[in-house]
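Visitor: Attaching a single structure in structure tokens format; questions to follow.
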Amino acid sequence: MILSGGAVLRVALLLLLATVLQLSVLSPIAVAGGQADLLVLVVAAAAYYAGSISGCATGFAAGFLLDLATGATMGASSLVLAAVGYGVGRFREVRDPSNALLPIPVAAAATAGWVVAFAAVSFMLEVGARVSPLVARDMVVTVLLNALLALPVFAGCRRLLRPSLAVDPRELRRRRRPPREATPLGLRGIEP
Amino acid sequence: MHDRKAVRRRRAALAVFVALSIVILTAYFGESGGGFFHALQRGAQEVFAPIESGASRALKPVRDFFGWAGDTLDAKDENERLKEEVERLRSQLAKAQTRRRDVRQLEGLVGLHRHDGFPQGTEPVTARVIARSPSVWYSSLKIDKGSSDGIRLNQPVIAAAGDPSSGVVGGLAGKITRVTGGTAEVTLLTDASSGVAAQVMPAGAAGVVKPEVGNPRDLLLDFVEGGRRITEGTIVVTSGFKASRVESLYPRGIPIGEVSEVDLDEVELYQRVHVRPFADFRRLDIVQVLTRRPPATETAGVVAP
């Protein structure tokens, strides 16, 4: 990602929108006990398109914003989301992210990492009460819902971040397409 | 060279953000409620509150749609579950109500035996009503005890009161008119053919209790001498008369009902007294058959019908 005022503004806008939507719309909608988590999807999408450093920074900012908005323990969400952003970004840097359906497993893995790591951090920090085994079911539901939402959310994030992206994975894929086959004349571009 | 630099930068970024998070966490836990991060959180929530409120209101239709879809899916399962629960509870309620009624009737029967003047040593056999006659003209019912349980023809049958508040917890219901090995038929006092020699207590005026067909809440005490003064609310019991070779089927002292009305206008030799029976003929589930006659039956100076 090209670090600029516009890029920061775009990411900030994206995170603010995601936080408001998460708290006002998605959180009250429970599907089979669980709920979709838009913020981690946005962090994963930003990391997927912009790389590990930007993913890490976006994750940190998203967590900070979430903790501010919800009144949760400050720093806990930042810690986990920064790690998630970094992980997804590294995946994008190491593997070829050109497959159009790749956002689905990426979103699922990022969400799974987020819910498990956040649960672990919460346990370590302050949860003293007895925890129901149903928490595990809710986590699975969240992962599945996020996998379902992955494609539209990733597409939306890409659209918003595109002007600031140094390398767009989909552009890379387009560039890597093999050249069209030559005509019998041996010349390209004058096919019948 | 470039790669190494990039790796270092990447790792440094991760380390910085993780360290920053841990610092914030530590500071947040370490500070008091009025500390910097807590104040920041409060401020942020104040800023967020109107945004969230506006967004919540604006996006309510979206939320409602998803909620409706989720509720519809949940409602189907819940509906099935609730239907099963209603069925189960209805069945439990029916059982409980039946038991309650049975208990009330049994209590009434037990109480009846303790009633002053009730004949002792009658060896009652408790039976459950298994069938009833559908006609008001032939008022009878079938019970689940028969000759194998010691039940014989013409034995008196008693039942619990419909309204325990009356003071008397039950009364005479009828007599056995048919017996098989395992069942018996009871002809109730309300049957058109029924007639029981009775006495108004404590005055002692005697007569014959006959039914008023079609009205199980009213019996008529006939052939009561005109000169006897009878007041409403007095109790009517079986007289258990014995005159030469004729003896009443019913032992003396079984409550029948209480006087509800006296026809004073009838200037006749005998006066007619309306009696409200203690036994609730409309709701007989459990009855008792008095299988043994008390050792000594007092002689009543009453003319038998």
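Within each chain, counting starts at residue 1; across the structure tokens, chains are named A, B, ... in the order shown, with ligands numbered 1 upward in that order.
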With only C-alpha atoms counted and 8 Å as the cut-off, give the residues of chain A in contact with chain B, each with its shortest interatomic distance in Å and the pair that gives it, as a tab-separated table.

Guide:
residue	atom	partner	partner_atom	distance
A:Val20	CA	B:Glu52	CA	6.0
A:Leu21	CA	B:Ala55	CA	7.5
A:Leu23	CA	B:Glu52	CA	7.3
A:Ser24	CA	B:Ser56	CA	4.8
A:Val25	CA	B:Arg63	CA	5.7
A:Leu26	CA	B:Arg63	CA	7.6
A:Pro28	CA	B:Arg63	CA	7.7
A:Ile29	CA	B:Gly67	CA	6.0
A:Ala30	CA	B:Gly70	CA	7.6
A:Val31	CA	B:Gly70	CA	6.4
A:Ser52	CA	B:Arg10	CA	7.0
A:Ile53	CA	B:Arg10	CA	5.7
A:Cys56	CA	B:Leu14	CA	6.4
A:Ala57	CA	B:Phe17	CA	7.0
A:Phe60	CA	B:Phe17	CA	6.5
A:Asp67	CA	B:Gln41	CA	7.7
A:Leu68	CA	B:Gln41	CA	4.8
A:Ala69	CA	B:Gln45	CA	5.4
A:Thr70	CA	B:Gln45	CA	7.4
A:Gly71	CA	B:Gln41	CA	6.1
A:Thr73	CA	B:Leu25	CA	7.1
A:Met74	CA	B:Leu25	CA	5.7
A:Gly75	CA	B:Leu25	CA	4.6
A:Ala76	CA	B:Leu25	CA	6.5
A:Ser78	CA	B:Ser21	CA	5.8
A:Leu79	CA	B:Ser21	CA	5.1
A:Ala82	CA	B:Phe17	CA	6.7
A:Ala83	CA	B:Leu14	CA	7.5
A:Tyr86	CA	B:Leu14	CA	7.0

Visitor: What does the file look like for those residues with C-alpha atoms, as an mmCIF file, in the first residue's frame?

Guide:
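Writing the result to part-v6.cif gives the following:
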data_model
loop_
_atom_site.group_PDB
_atom_site.id
_atom_site.type_symbol
_atom_site.label_atom_id
_atom_site.label_comp_id
_atom_site.auth_asym_id
_atom_site.auth_seq_id
_atom_site.Cartn_x
_atom_site.Cartn_y
_atom_site.Cartn_z
ATOM 1 C CA VAL A 20 -20.697 1.233 13.161
ATOM 2 C CA LEU A 21 -22.237 -1.476 10.975
ATOM 3 C CA LEU A 23 -22.320 -2.597 16.414
ATOM 4 C CA SER A 24 -25.599 -1.303 14.992
ATOM 5 C CA VAL A 25 -26.620 -3.953 12.512
ATOM 6 C CA LEU A 26 -24.677 -7.184 12.673
ATOM 7 C CA PRO A 28 -27.986 -7.733 17.147
ATOM 8 C CA ILE A 29 -28.597 -10.353 14.441
ATOM 9 C CA ALA A 30 -27.902 -13.782 15.875
ATOM 10 C CA VAL A 31 -27.894 -16.713 13.502
ATOM 11 C CA SER A 52 1.516 -7.527 6.176
ATOM 12 C CA ILE A 53 2.626 -4.124 7.472
ATOM 13 C CA CYS A 56 -0.875 -5.212 10.993
ATOM 14 C CA ALA A 57 -1.474 -1.459 11.267
ATOM 15 C CA PHE A 60 -4.216 -2.530 15.435
ATOM 16 C CA ASP A 67 -12.311 -1.362 22.206
ATOM 17 C CA LEU A 68 -13.030 2.347 22.299
ATOM 18 C CA ALA A 69 -16.513 1.912 20.924
ATOM 19 C CA THR A 70 -17.510 -1.059 23.026
ATOM 20 C CA GLY A 71 -15.805 -0.158 26.272
ATOM 21 C CA THR A 73 -10.451 -3.892 27.736
ATOM 22 C CA MET A 74 -8.266 -1.540 25.737
ATOM 23 C CA GLY A 75 -5.477 -3.265 23.855
ATOM 24 C CA ALA A 76 -6.891 -6.796 23.786
ATOM 25 C CA SER A 78 -5.689 -4.496 19.018
ATOM 26 C CA LEU A 79 -3.233 -7.200 19.981
ATOM 27 C CA ALA A 82 -2.793 -6.786 14.602
ATOM 28 C CA ALA A 83 -1.568 -10.383 14.612
ATOM 29 C CA TYR A 86 -0.039 -9.520 9.888
#

Visitor: Determine, counting only C-alpha atoms, which protein, DNA and RNA residues have an atom within 8 Å of an atom of Ser140 (chain B); residues of the same chain fewer than 2 positions away are not included. Present the result as a PDB file with all heavy atoms, in the first residue's frame.

Guide:
ATOM      1  N   ARG B 132     -71.668 -45.185  32.676  1.00  0.00           N
ATOM      2  CA  ARG B 132     -72.883 -44.520  33.173  1.00  0.00           C
ATOM      3  C   ARG B 132     -73.991 -44.698  32.147  1.00  0.00           C
ATOM      4  O   ARG B 132     -73.722 -44.757  30.952  1.00  0.00           O
ATOM      5  CB  ARG B 132     -72.657 -43.011  33.285  1.00  0.00           C
ATOM      6  CG  ARG B 132     -71.733 -42.593  34.356  1.00  0.00           C
ATOM      7  CD  ARG B 132     -71.271 -41.173  34.053  1.00  0.00           C
ATOM      8  NE  ARG B 132     -69.996 -40.922  34.686  1.00  0.00           N
ATOM      9  CZ  ARG B 132     -69.870 -40.365  35.872  1.00  0.00           C
ATOM     10  NH1 ARG B 132     -70.944 -40.006  36.538  1.00  0.00           N
ATOM     11  NH2 ARG B 132     -68.696 -40.174  36.393  1.00  0.00           N
ATOM     12  N   SER B 133     -75.190 -44.703  32.650  1.00  0.00           N
ATOM     13  CA  SER B 133     -76.302 -44.810  31.709  1.00  0.00           C
ATOM     14  C   SER B 133     -76.529 -43.445  31.077  1.00  0.00           C
ATOM     15  O   SER B 133     -76.418 -42.416  31.744  1.00  0.00           O
ATOM     16  CB  SER B 133     -77.560 -45.257  32.429  1.00  0.00           C
ATOM     17  OG  SER B 133     -78.058 -44.192  33.180  1.00  0.00           O
ATOM     18  N   TYR B 138     -83.267 -43.866  33.386  1.00  0.00           N
ATOM     19  CA  TYR B 138     -82.622 -45.013  34.027  1.00  0.00           C
ATOM     20  C   TYR B 138     -81.276 -44.540  34.557  1.00  0.00           C
ATOM     21  O   TYR B 138     -80.272 -44.607  33.869  1.00  0.00           O
ATOM     22  CB  TYR B 138     -82.450 -46.166  33.049  1.00  0.00           C
ATOM     23  CG  TYR B 138     -83.762 -46.590  32.456  1.00  0.00           C
ATOM     24  CD1 TYR B 138     -84.163 -46.159  31.208  1.00  0.00           C
ATOM     25  CD2 TYR B 138     -84.621 -47.401  33.192  1.00  0.00           C
ATOM     26  CE1 TYR B 138     -85.379 -46.518  30.684  1.00  0.00           C
ATOM     27  CE2 TYR B 138     -85.854 -47.765  32.673  1.00  0.00           C
ATOM     28  CZ  TYR B 138     -86.231 -47.318  31.427  1.00  0.00           C
ATOM     29  OH  TYR B 138     -87.447 -47.668  30.909  1.00  0.00           O
ATOM     30  N   LYS B 142     -72.040 -48.245  36.261  1.00  0.00           N
ATOM     31  CA  LYS B 142     -71.362 -49.528  36.447  1.00  0.00           C
ATOM     32  C   LYS B 142     -70.042 -49.275  37.172  1.00  0.00           C
ATOM     33  O   LYS B 142     -69.342 -48.291  36.874  1.00  0.00           O
ATOM     34  CB  LYS B 142     -71.095 -50.156  35.079  1.00  0.00           C
ATOM     35  CG  LYS B 142     -70.790 -51.630  35.146  1.00  0.00           C
ATOM     36  CD  LYS B 142     -70.691 -52.239  33.767  1.00  0.00           C
ATOM     37  CE  LYS B 142     -72.053 -52.733  33.284  1.00  0.00           C
ATOM     38  NZ  LYS B 142     -71.959 -53.406  31.971  1.00  0.00           N
ATOM     39  N   GLU B 185     -73.733 -53.150  38.944  1.00  0.00           N
ATOM     40  CA  GLU B 185     -74.508 -52.007  38.482  1.00  0.00           C
ATOM     41  C   GLU B 185     -75.143 -51.328  39.680  1.00  0.00           C
ATOM     42  O   GLU B 185     -75.714 -52.006  40.553  1.00  0.00           O
ATOM     43  CB  GLU B 185     -75.578 -52.469  37.498  1.00  0.00           C
ATOM     44  CG  GLU B 185     -76.261 -51.316  36.800  1.00  0.00           C
ATOM     45  CD  GLU B 185     -77.282 -51.797  35.780  1.00  0.00           C
ATOM     46  OE1 GLU B 185     -76.885 -52.355  34.743  1.00  0.00           O
ATOM     47  OE2 GLU B 185     -78.482 -51.632  36.064  1.00  0.00           O
ATOM     48  N   VAL B 186     -75.031 -50.016  39.705  1.00  0.00           N
ATOM     49  CA  VAL B 186     -75.597 -49.240  40.815  1.00  0.00           C
ATOM     50  C   VAL B 186     -76.786 -48.448  40.283  1.00  0.00           C
ATOM     51  O   VAL B 186     -76.638 -47.706  39.315  1.00  0.00           O
ATOM     52  CB  VAL B 186     -74.551 -48.257  41.387  1.00  0.00           C
ATOM     53  CG1 VAL B 186     -75.137 -47.446  42.539  1.00  0.00           C
ATOM     54  CG2 VAL B 186     -73.303 -48.988  41.825  1.00  0.00           C
ATOM     55  N   THR B 187     -77.921 -48.633  40.908  1.00  0.00           N
ATOM     56  CA  THR B 187     -79.062 -47.784  40.556  1.00  0.00           C
ATOM     57  C   THR B 187     -79.067 -46.610  41.516  1.00  0.00           C
ATOM     58  O   THR B 187     -79.088 -46.791  42.740  1.00  0.00           O
ATOM     59  CB  THR B 187     -80.371 -48.578  40.656  1.00  0.00           C
ATOM     60  OG1 THR B 187     -80.321 -49.625  39.677  1.00  0.00           O
ATOM     61  CG2 THR B 187     -81.575 -47.707  40.377  1.00  0.00           C
ATOM     62  N   LEU B 188     -78.997 -45.449  40.950  1.00  0.00           N
ATOM     63  CA  LEU B 188     -78.844 -44.252  41.774  1.00  0.00           C
ATOM     64  C   LEU B 188     -80.172 -43.802  42.378  1.00  0.00           C
ATOM     65  O   LEU B 188     -81.251 -44.198  41.912  1.00  0.00           O
ATOM     66  CB  LEU B 188     -78.258 -43.117  40.917  1.00  0.00           C
ATOM     67  CG  LEU B 188     -76.876 -43.392  40.312  1.00  0.00           C
ATOM     68  CD1 LEU B 188     -76.470 -42.256  39.390  1.00  0.00           C
ATOM     69  CD2 LEU B 188     -75.821 -43.563  41.407  1.00  0.00           C
ATOM     70  N   ASP B 191     -82.747 -42.473  40.044  1.00  0.00           N
ATOM     71  CA  ASP B 191     -83.471 -43.328  39.106  1.00  0.00           C
ATOM     72  C   ASP B 191     -84.965 -43.287  39.440  1.00  0.00           C
ATOM     73  O   ASP B 191     -85.364 -43.246  40.623  1.00  0.00           O
ATOM     74  CB  ASP B 191     -82.937 -44.756  39.216  1.00  0.00           C
ATOM     75  CG  ASP B 191     -83.517 -45.659  38.151  1.00  0.00           C
ATOM     76  OD1 ASP B 191     -82.953 -45.707  37.046  1.00  0.00           O
ATOM     77  OD2 ASP B 191     -84.571 -46.280  38.429  1.00  0.00           O
TER      78      ASP B 191
END

Visitor: Closest to Arg92 (chain A) among A:Gly113, A:Pro163, A:Gly51, A:Gly63, using only C-alpha atoms?

Guide: A:Gly51

Visitor: Quote the spacing between CA of Thr234 (chain B) and CA of Leu112 (chain B) in Å to one decimal place.

Guide: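 Distance reported for this atom pair: 16.9 Å.
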
Visitor: Just how far from CA of Val116 (chain A) is CA of Leu102 (chain A), in Å to one decimal?

Guide: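 About the pair CA of Leu102 (chain A) and CA of Val116 (chain A): they are 21.4 Å apart.
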
Visitor: I need the residues of region 17-216 of chain B that end up classed as helix (DSSP H, G or I) by DSSP on the backbone, written out as a PyMOL selection string.

Guide: chain B and resi 17-30+36-58+60-114+147-149+164-166

Visitor: Separation of CA of Asp222 (chain B) and CA of Gly195 (chain B), in Å?

Guide: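 Between CA of Asp222 (chain B) and CA of Gly195 (chain B) the gap works out to 9.7 Å.
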
Visitor: Using only C-alpha atoms, find the one residue out of A:Val121, A:Ala44, A:Leu66, A:Leu134 that sits nearest to Ala107 (chain A).

Guide: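 The shortest atom-to-atom distance to Ala107 (chain A) comes from A:Ala44.
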
Visitor: List the neighbours of Arg128 (chain B) out to 6 Å using only C-alpha atoms; skip same-chain residues closer than 4 positions along the sequence, and give me the result as number ranges by chain.

Guide: B: 143-144, 285-286

Visitor: With N, CA and C atoms retained, write the just-selected residues as a JSON list (two decimals), in the first residue's frame.

Guide:
[["chain", "number", "residue", "atom", "x", "y", "z"],
["B", 143, "ILE", "N", -69.74, -50.17, 38.10],
["B", 143, "ILE", "CA", -68.47, -50.00, 38.85],
["B", 143, "ILE", "C", -67.57, -51.21, 38.59],
["B", 144, "ASP", "N", -66.28, -51.02, 38.89],
["B", 144, "ASP", "CA", -65.30, -52.06, 38.54],
["B", 144, "ASP", "C", -65.11, -53.12, 39.63],
["B", 285, "ASP", "N", -67.08, -40.50, 40.29],
["B", 285, "ASP", "CA", -65.95, -41.25, 39.73],
["B", 285, "ASP", "C", -65.58, -42.41, 40.64],
["B", 286, "ILE", "N", -65.71, -42.15, 41.94],
["B", 286, "ILE", "CA", -65.37, -43.18, 42.91],
["B", 286, "ILE", "C", -66.54, -43.32, 43.88]]

Visitor: So that I can check the surroundings of Ala150 (chain A), please list as a list in words every protein, DNA and RNA residue that reaches within 10 Å of it, counting only C-alpha atoms and ignoring chain neighbours fewer than 4 positions away.

Guide: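 Answer for this query is Leu38, Leu41, Val42, Ala44, Ala45, Leu101, Leu102, Pro103, Ile104, Pro105, Val106, Ala107, Ala108, Leu144, Leu145, Asn146, Phe154, Ala155 and Gly156 of chain A.
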
Visitor: For the structure I just gave you, how does DSSP split region 35-176 of chain B - specifically, which residues are strand (DSSP E or B)? Reply as number ranges by chain.

Guide: B: 124-132, 140-143, 156-161, 170-176

Visitor: Given the selection you just returned, output its residues as a file containing N, CA and C atoms, formatted as a PDB file, in the first residue's frame.

Guide:
ATOM      1  N   PRO B 124     -66.718 -51.098  53.908  1.00  0.00           N
ATOM      2  CA  PRO B 124     -66.901 -50.509  52.572  1.00  0.00           C
ATOM      3  C   PRO B 124     -65.871 -51.016  51.542  1.00  0.00           C
ATOM      4  N   VAL B 125     -66.327 -51.185  50.327  1.00  0.00           N
ATOM      5  CA  VAL B 125     -65.425 -51.552  49.219  1.00  0.00           C
ATOM      6  C   VAL B 125     -65.433 -50.365  48.241  1.00  0.00           C
ATOM      7  N   THR B 126     -64.251 -49.828  48.053  1.00  0.00           N
ATOM      8  CA  THR B 126     -64.163 -48.662  47.160  1.00  0.00           C
ATOM      9  C   THR B 126     -64.082 -49.134  45.703  1.00  0.00           C
ATOM     10  N   ALA B 127     -64.857 -48.503  44.859  1.00  0.00           N
ATOM     11  CA  ALA B 127     -64.878 -48.910  43.444  1.00  0.00           C
ATOM     12  C   ALA B 127     -64.854 -47.686  42.549  1.00  0.00           C
ATOM     13  N   ARG B 128     -64.354 -47.899  41.349  1.00  0.00           N
ATOM     14  CA  ARG B 128     -64.312 -46.812  40.376  1.00  0.00           C
ATOM     15  C   ARG B 128     -65.445 -46.970  39.374  1.00  0.00           C
ATOM     16  N   VAL B 129     -66.044 -45.849  39.045  1.00  0.00           N
ATOM     17  CA  VAL B 129     -67.143 -45.884  38.081  1.00  0.00           C
ATOM     18  C   VAL B 129     -66.556 -46.084  36.686  1.00  0.00           C
ATOM     19  N   ILE B 130     -67.048 -47.107  35.997  1.00  0.00           N
ATOM     20  CA  ILE B 130     -66.488 -47.377  34.655  1.00  0.00           C
ATOM     21  C   ILE B 130     -67.486 -47.098  33.546  1.00  0.00           C
ATOM     22  N   ALA B 131     -68.755 -46.947  33.876  1.00  0.00           N
ATOM     23  CA  ALA B 131     -69.744 -46.625  32.825  1.00  0.00           C
ATOM     24  C   ALA B 131     -70.957 -45.978  33.468  1.00  0.00           C
ATOM     25  N   ARG B 132     -71.668 -45.185  32.676  1.00  0.00           N
ATOM     26  CA  ARG B 132     -72.883 -44.520  33.173  1.00  0.00           C
ATOM     27  C   ARG B 132     -73.991 -44.698  32.147  1.00  0.00           C
ATOM     28  N   SER B 140     -78.327 -45.050  36.282  1.00  0.00           N
ATOM     29  CA  SER B 140     -77.488 -46.097  36.862  1.00  0.00           C
ATOM     30  C   SER B 140     -76.060 -45.961  36.367  1.00  0.00           C
ATOM     31  N   LEU B 141     -75.176 -46.661  37.043  1.00  0.00           N
ATOM     32  CA  LEU B 141     -73.788 -46.674  36.588  1.00  0.00           C
ATOM     33  C   LEU B 141     -73.161 -48.011  36.896  1.00  0.00           C
ATOM     34  N   LYS B 142     -72.040 -48.245  36.261  1.00  0.00           N
ATOM     35  CA  LYS B 142     -71.362 -49.528  36.447  1.00  0.00           C
ATOM     36  C   LYS B 142     -70.042 -49.275  37.172  1.00  0.00           C
ATOM     37  N   ILE B 143     -69.739 -50.168  38.102  1.00  0.00           N
ATOM     38  CA  ILE B 143     -68.469 -50.005  38.847  1.00  0.00           C
ATOM     39  C   ILE B 143     -67.565 -51.212  38.593  1.00  0.00           C
ATOM     40  N   PRO B 156     -75.990 -50.952  49.858  1.00  0.00           N
ATOM     41  CA  PRO B 156     -76.012 -49.497  49.666  1.00  0.00           C
ATOM     42  C   PRO B 156     -74.689 -48.989  49.081  1.00  0.00           C
ATOM     43  N   VAL B 157     -74.812 -47.939  48.338  1.00  0.00           N
ATOM     44  CA  VAL B 157     -73.623 -47.327  47.722  1.00  0.00           C
ATOM     45  C   VAL B 157     -73.584 -45.869  48.155  1.00  0.00           C
ATOM     46  N   ILE B 158     -72.411 -45.426  48.596  1.00  0.00           N
ATOM     47  CA  ILE B 158     -72.264 -44.027  49.008  1.00  0.00           C
ATOM     48  C   ILE B 158     -71.258 -43.325  48.094  1.00  0.00           C
ATOM     49  N   ALA B 159     -71.350 -42.016  48.054  1.00  0.00           N
ATOM     50  CA  ALA B 159     -70.437 -41.233  47.203  1.00  0.00           C
ATOM     51  C   ALA B 159     -70.072 -39.932  47.896  1.00  0.00           C
ATOM     52  N   ALA B 160     -68.982 -39.340  47.433  1.00  0.00           N
ATOM     53  CA  ALA B 160     -68.509 -38.089  48.045  1.00  0.00           C
ATOM     54  C   ALA B 160     -69.407 -36.934  47.623  1.00  0.00           C
ATOM     55  N   ALA B 161     -69.332 -35.860  48.418  1.00  0.00           N
ATOM     56  CA  ALA B 161     -70.156 -34.681  48.130  1.00  0.00           C
ATOM     57  C   ALA B 161     -69.556 -33.870  46.995  1.00  0.00           C
ATOM     58  N   GLY B 170     -70.357 -36.298  52.026  1.00  0.00           N
ATOM     59  CA  GLY B 170     -70.874 -37.267  51.066  1.00  0.00           C
ATOM     60  C   GLY B 170     -72.198 -37.807  51.536  1.00  0.00           C
ATOM     61  N   GLY B 171     -72.711 -38.722  50.763  1.00  0.00           N
ATOM     62  CA  GLY B 171     -74.001 -39.273  51.170  1.00  0.00           C
ATOM     63  C   GLY B 171     -74.379 -40.478  50.354  1.00  0.00           C
ATOM     64  N   LEU B 172     -75.583 -40.913  50.588  1.00  0.00           N
ATOM     65  CA  LEU B 172     -76.076 -42.097  49.898  1.00  0.00           C
ATOM     66  C   LEU B 172     -76.205 -41.807  48.408  1.00  0.00           C
ATOM     67  N   ALA B 173     -75.792 -42.801  47.599  1.00  0.00           N
ATOM     68  CA  ALA B 173     -75.866 -42.605  46.147  1.00  0.00           C
ATOM     69  C   ALA B 173     -76.865 -43.553  45.505  1.00  0.00           C
ATOM     70  N   GLY B 174     -77.008 -44.740  46.049  1.00  0.00           N
ATOM     71  CA  GLY B 174     -77.932 -45.700  45.446  1.00  0.00           C
ATOM     72  C   GLY B 174     -77.719 -47.083  46.025  1.00  0.00           C
ATOM     73  N   LYS B 175     -78.080 -48.104  45.210  1.00  0.00           N
ATOM     74  CA  LYS B 175     -77.884 -49.475  45.676  1.00  0.00           C
ATOM     75  C   LYS B 175     -77.483 -50.369  44.507  1.00  0.00           C
ATOM     76  N   ILE B 176     -76.917 -51.506  44.867  1.00  0.00           N
ATOM     77  CA  ILE B 176     -76.468 -52.449  43.843  1.00  0.00           C
ATOM     78  C   ILE B 176     -77.699 -53.188  43.300  1.00  0.00           C
TER      79      ILE B 176
END
